[in-house]
Amino acid sequence: MKELPKIVVIDTDPRYRGLFEEALTDSYAVEPHTAGPAGLASCRQAPPDAVVVDLESARTERMFLLGALGAASGMAKVPIIVWTSGGLDGQTRARLEGHPNVRAVVDKIAGWRALRAALGAALPAAD
């Protein structure tokens, strides 16, 4: 049996972390983290196949976290999907979309289907 791609999820909301596991574990091995430093440490230890990060919960640290993820050893080509509750101004959205690792910015209101589509475009799911 083929090993599932590993997805590191960084989201401070415990409800979303649980929903990530429910919504994605059929296609991905989901590793949830409550905060950027823990998720970053995990990525440095064993680079995942992709990262989903809620940057609304760490508004002041969002670009630092993205820069640190991209600079971590083995992470140069790991796709990042930004999962946001919206409210991003045009300049912030442009900066996020311009980050070399960010493959999509998905508004939470768009739902799980949009997140799965973004992950599928960045990283094909296991058979």
# chains A, B, ... in the order shown; residues from 1 in each chain; ligands from 1
>>> residues_around(residues="stretch 30-44 of chain A", least_positions_apart="3", cutoff="6 Å", atoms="only C-alpha atoms", output="CSV table (one decimal) with N, CA and C atoms, in the first residue's frame")
chain,number,residue,atom,x,y,z
A,7,ILE,N,0.9,16.0,5.5
A,7,ILE,CA,0.5,17.4,5.5
A,7,ILE,C,0.6,17.9,6.9
A,8,VAL,N,1.4,18.9,7.1
A,8,VAL,CA,1.5,19.6,8.4
A,8,VAL,C,0.5,20.7,8.4
A,9,VAL,N,-0.4,20.7,9.4
A,9,VAL,CA,-1.4,21.7,9.6
A,9,VAL,C,-1.1,22.6,10.8
A,10,ILE,N,-1.1,23.9,10.6
A,10,ILE,CA,-0.8,24.8,11.7
A,10,ILE,C,-2.0,25.7,11.8
A,11,ASP,N,-2.8,25.5,12.9
A,11,ASP,CA,-4.0,26.3,13.2
A,11,ASP,C,-4.2,26.3,14.7
A,12,THR,N,-4.4,27.4,15.3
A,12,THR,CA,-4.6,27.5,16.7
A,12,THR,C,-6.0,27.1,17.2
A,17,ARG,N,-8.5,22.0,13.7
A,17,ARG,CA,-7.5,20.9,13.7
A,17,ARG,C,-8.2,19.5,13.6
A,21,GLU,N,-8.3,16.7,10.3
A,21,GLU,CA,-8.1,15.3,10.3
A,21,GLU,C,-9.3,14.5,9.7
A,47,PRO,N,10.7,17.2,6.8
A,47,PRO,CA,9.9,18.0,5.9
A,47,PRO,C,8.7,17.2,5.4
A,72,ALA,N,13.6,26.7,5.9
A,72,ALA,CA,13.9,25.5,6.7
A,72,ALA,C,14.5,24.5,5.7
>>> select_by_dssp(residues="stretch 25-76 of chain A", states="strand (DSSP E or B)", output="PyMOL selection string")
chain A and resi 29-33+50-54
>>> write_last_selection(atoms="all heavy atoms", output="mmCIF file, in the first residue's frame")
data_model
loop_
_atom_site.group_PDB
_atom_site.id
_atom_site.type_symbol
_atom_site.label_atom_id
_atom_site.label_comp_id
_atom_site.auth_asym_id
_atom_site.auth_seq_id
_atom_site.Cartn_x
_atom_site.Cartn_y
_atom_site.Cartn_z
ATOM 1 N N ALA A 29 -1.799 12.008 5.311
ATOM 2 C CA ALA A 29 -1.440 11.804 6.717
ATOM 3 C C ALA A 29 -1.354 13.198 7.327
ATOM 4 O O ALA A 29 -0.446 13.967 7.015
ATOM 5 C CB ALA A 29 -0.107 11.074 6.829
ATOM 6 N N VAL A 30 -2.308 13.552 8.159
ATOM 7 C CA VAL A 30 -2.426 14.906 8.710
ATOM 8 C C VAL A 30 -1.716 14.977 10.057
ATOM 9 O O VAL A 30 -1.973 14.179 10.954
ATOM 10 C CB VAL A 30 -3.905 15.307 8.867
ATOM 11 C CG1 VAL A 30 -4.028 16.691 9.480
ATOM 12 C CG2 VAL A 30 -4.613 15.247 7.514
ATOM 13 N N GLU A 31 -0.826 15.955 10.187
ATOM 14 C CA GLU A 31 -0.115 16.196 11.445
ATOM 15 C C GLU A 31 -0.472 17.604 11.921
ATOM 16 O O GLU A 31 0.082 18.584 11.435
ATOM 17 C CB GLU A 31 1.389 16.083 11.223
ATOM 18 C CG GLU A 31 2.200 16.278 12.486
ATOM 19 C CD GLU A 31 3.688 16.185 12.210
ATOM 20 O OE1 GLU A 31 4.138 15.183 11.637
ATOM 21 O OE2 GLU A 31 4.393 17.147 12.573
ATOM 22 N N PRO A 32 -1.425 17.723 12.865
ATOM 23 C CA PRO A 32 -1.852 19.043 13.319
ATOM 24 C C PRO A 32 -0.933 19.642 14.381
ATOM 25 O O PRO A 32 -0.384 18.925 15.221
ATOM 26 C CB PRO A 32 -3.241 18.771 13.894
ATOM 27 C CG PRO A 32 -3.188 17.354 14.349
ATOM 28 C CD PRO A 32 -2.216 16.638 13.445
ATOM 29 N N HIS A 33 -0.784 20.973 14.323
ATOM 30 C CA HIS A 33 -0.014 21.713 15.324
ATOM 31 C C HIS A 33 -0.789 22.952 15.734
ATOM 32 O O HIS A 33 -1.486 23.550 14.918
ATOM 33 C CB HIS A 33 1.360 22.119 14.771
ATOM 34 C CG HIS A 33 2.251 20.956 14.560
ATOM 35 N ND1 HIS A 33 2.973 20.381 15.574
ATOM 36 C CD2 HIS A 33 2.519 20.222 13.451
ATOM 37 C CE1 HIS A 33 3.656 19.355 15.107
ATOM 38 N NE2 HIS A 33 3.398 19.236 13.824
ATOM 39 N N ALA A 50 3.460 18.816 2.178
ATOM 40 C CA ALA A 50 2.784 20.111 2.054
ATOM 41 C C ALA A 50 2.472 20.638 3.444
ATOM 42 O O ALA A 50 2.462 19.888 4.419
ATOM 43 C CB ALA A 50 1.504 19.991 1.235
ATOM 44 N N VAL A 51 2.217 21.950 3.514
ATOM 45 C CA VAL A 51 1.847 22.612 4.769
ATOM 46 C C VAL A 51 0.566 23.405 4.522
ATOM 47 O O VAL A 51 0.443 24.088 3.500
ATOM 48 C CB VAL A 51 2.960 23.579 5.252
ATOM 49 C CG1 VAL A 51 2.524 24.332 6.503
ATOM 50 C CG2 VAL A 51 4.262 22.842 5.496
ATOM 51 N N VAL A 52 -0.374 23.304 5.449
ATOM 52 C CA VAL A 52 -1.564 24.152 5.455
ATOM 53 C C VAL A 52 -1.450 25.001 6.706
ATOM 54 O O VAL A 52 -1.312 24.476 7.811
ATOM 55 C CB VAL A 52 -2.869 23.327 5.481
ATOM 56 C CG1 VAL A 52 -4.076 24.254 5.579
ATOM 57 C CG2 VAL A 52 -2.969 22.438 4.245
ATOM 58 N N VAL A 53 -1.488 26.316 6.538
ATOM 59 C CA VAL A 53 -1.307 27.191 7.689
ATOM 60 C C VAL A 53 -2.398 28.250 7.735
ATOM 61 O O VAL A 53 -2.727 28.861 6.730
ATOM 62 C CB VAL A 53 0.111 27.835 7.682
ATOM 63 C CG1 VAL A 53 0.346 28.668 6.443
ATOM 64 C CG2 VAL A 53 0.369 28.657 8.925
ATOM 65 N N ASP A 54 -2.994 28.387 8.923
ATOM 66 C CA ASP A 54 -3.975 29.439 9.176
ATOM 67 C C ASP A 54 -3.200 30.652 9.656
ATOM 68 O O ASP A 54 -2.688 30.654 10.770
ATOM 69 C CB ASP A 54 -4.973 28.995 10.242
ATOM 70 C CG ASP A 54 -5.895 30.123 10.675
ATOM 71 O OD1 ASP A 54 -6.019 31.121 9.933
ATOM 72 O OD2 ASP A 54 -6.477 30.021 11.757
#
>>> select_by_dssp(residues="chain A", states="alpha helix (DSSP H)", output="number ranges by chain")
A: 14-24, 36-45, 62-71, 90-98, 112-122
>>> write_last_selection(atoms="C-alpha atoms", output="PDB file, in the first residue's frame")
ATOM      1  CA  PRO A  14      -8.783  23.066  18.017  1.00  0.00           C
ATOM      2  CA  ARG A  15     -12.076  22.684  16.132  1.00  0.00           C
ATOM      3  CA  TYR A  16     -10.349  23.212  12.803  1.00  0.00           C
ATOM      4  CA  ARG A  17      -7.472  20.897  13.670  1.00  0.00           C
ATOM      5  CA  GLY A  18      -9.981  18.114  14.320  1.00  0.00           C
ATOM      6  CA  LEU A  19     -11.910  18.930  11.158  1.00  0.00           C
ATOM      7  CA  PHE A  20      -8.699  18.810   9.135  1.00  0.00           C
ATOM      8  CA  GLU A  21      -8.118  15.275  10.320  1.00  0.00           C
ATOM      9  CA  GLU A  22     -11.711  14.258   9.519  1.00  0.00           C
ATOM     10  CA  ALA A  23     -11.763  15.937   6.102  1.00  0.00           C
ATOM     11  CA  LEU A  24      -8.341  14.919   4.811  1.00  0.00           C
ATOM     12  CA  GLY A  36       3.769  28.226  14.201  1.00  0.00           C
ATOM     13  CA  PRO A  37       6.869  27.334  16.251  1.00  0.00           C
ATOM     14  CA  ALA A  38       5.717  23.730  16.809  1.00  0.00           C
ATOM     15  CA  GLY A  39       4.763  23.296  13.153  1.00  0.00           C
ATOM     16  CA  LEU A  40       8.038  24.845  12.022  1.00  0.00           C
ATOM     17  CA  ALA A  41      10.022  22.546  14.324  1.00  0.00           C
ATOM     18  CA  SER A  42       8.216  19.532  12.875  1.00  0.00           C
ATOM     19  CA  CYS A  43       8.952  20.701   9.328  1.00  0.00           C
ATOM     20  CA  ARG A  44      12.611  21.169  10.146  1.00  0.00           C
ATOM     21  CA  GLN A  45      12.825  17.707  11.681  1.00  0.00           C
ATOM     22  CA  ARG A  62       2.449  35.532   9.117  1.00  0.00           C
ATOM     23  CA  MET A  63       5.261  36.644   6.814  1.00  0.00           C
ATOM     24  CA  PHE A  64       7.910  35.581   9.346  1.00  0.00           C
ATOM     25  CA  LEU A  65       6.371  32.111   9.551  1.00  0.00           C
ATOM     26  CA  LEU A  66       6.164  31.773   5.766  1.00  0.00           C
ATOM     27  CA  GLY A  67       9.768  32.933   5.413  1.00  0.00           C
ATOM     28  CA  ALA A  68      10.930  30.519   8.101  1.00  0.00           C
ATOM     29  CA  LEU A  69       9.041  27.619   6.516  1.00  0.00           C
ATOM     30  CA  GLY A  70      10.548  28.384   3.109  1.00  0.00           C
ATOM     31  CA  ALA A  71      14.050  28.720   4.558  1.00  0.00           C
ATOM     32  CA  GLY A  90      -5.214  43.336  -1.329  1.00  0.00           C
ATOM     33  CA  GLN A  91      -1.592  44.102  -0.450  1.00  0.00           C
ATOM     34  CA  THR A  92      -1.364  41.276   2.113  1.00  0.00           C
ATOM     35  CA  ARG A  93      -3.029  38.807  -0.251  1.00  0.00           C
ATOM     36  CA  ALA A  94      -0.600  39.812  -3.024  1.00  0.00           C
ATOM     37  CA  ARG A  95       2.385  39.329  -0.686  1.00  0.00           C
ATOM     38  CA  LEU A  96       1.127  35.897   0.334  1.00  0.00           C
ATOM     39  CA  GLU A  97       0.425  34.840  -3.254  1.00  0.00           C
ATOM     40  CA  GLY A  98       3.870  36.147  -4.253  1.00  0.00           C
ATOM     41  CA  TRP A 112     -13.174  21.944   2.507  1.00  0.00           C
ATOM     42  CA  ARG A 113     -13.773  21.299  -1.178  1.00  0.00           C
ATOM     43  CA  ALA A 114     -11.713  24.376  -2.072  1.00  0.00           C
ATOM     44  CA  LEU A 115      -8.967  23.319   0.335  1.00  0.00           C
ATOM     45  CA  ARG A 116      -8.878  19.784  -1.111  1.00  0.00           C
ATOM     46  CA  ALA A 117      -8.728  21.237  -4.628  1.00  0.00           C
ATOM     47  CA  ALA A 118      -5.793  23.464  -3.648  1.00  0.00           C
ATOM     48  CA  LEU A 119      -3.974  20.526  -2.056  1.00  0.00           C
ATOM     49  CA  GLY A 120      -4.725  18.346  -5.079  1.00  0.00           C
ATOM     50  CA  ALA A 121      -3.314  20.982  -7.421  1.00  0.00           C
ATOM     51  CA  ALA A 122      -0.179  21.384  -5.295  1.00  0.00           C
TER      52      ALA A 122
END
>>> atom_distance(atom1="atom CA of A:Ser85", atom2="atom CA of A:Leu55")
8.7 Å
>>> residues_around(residues="A:Asn101", least_positions_apart="6", cutoff="7 Å", atoms="only C-alpha atoms", output="list of chain:residue names")
A:Gly70, A:Lys77, A:Val78, A:Pro79, A:Ile80
>>> atom_distance(atom1="atom CA of A:Gly111", atom2="atom CA of A:Trp83")
9.8 Å
>>> atom_distance(atom1="atom CA of A:Pro100", atom2="atom CA of A:Ala76")
8.6 Å
>>> closest_residue(among="A:Gly87, A:Ile109, A:Arg103, A:Pro5", to="A:Thr25", atoms="only C-alpha atoms")
A:Pro5
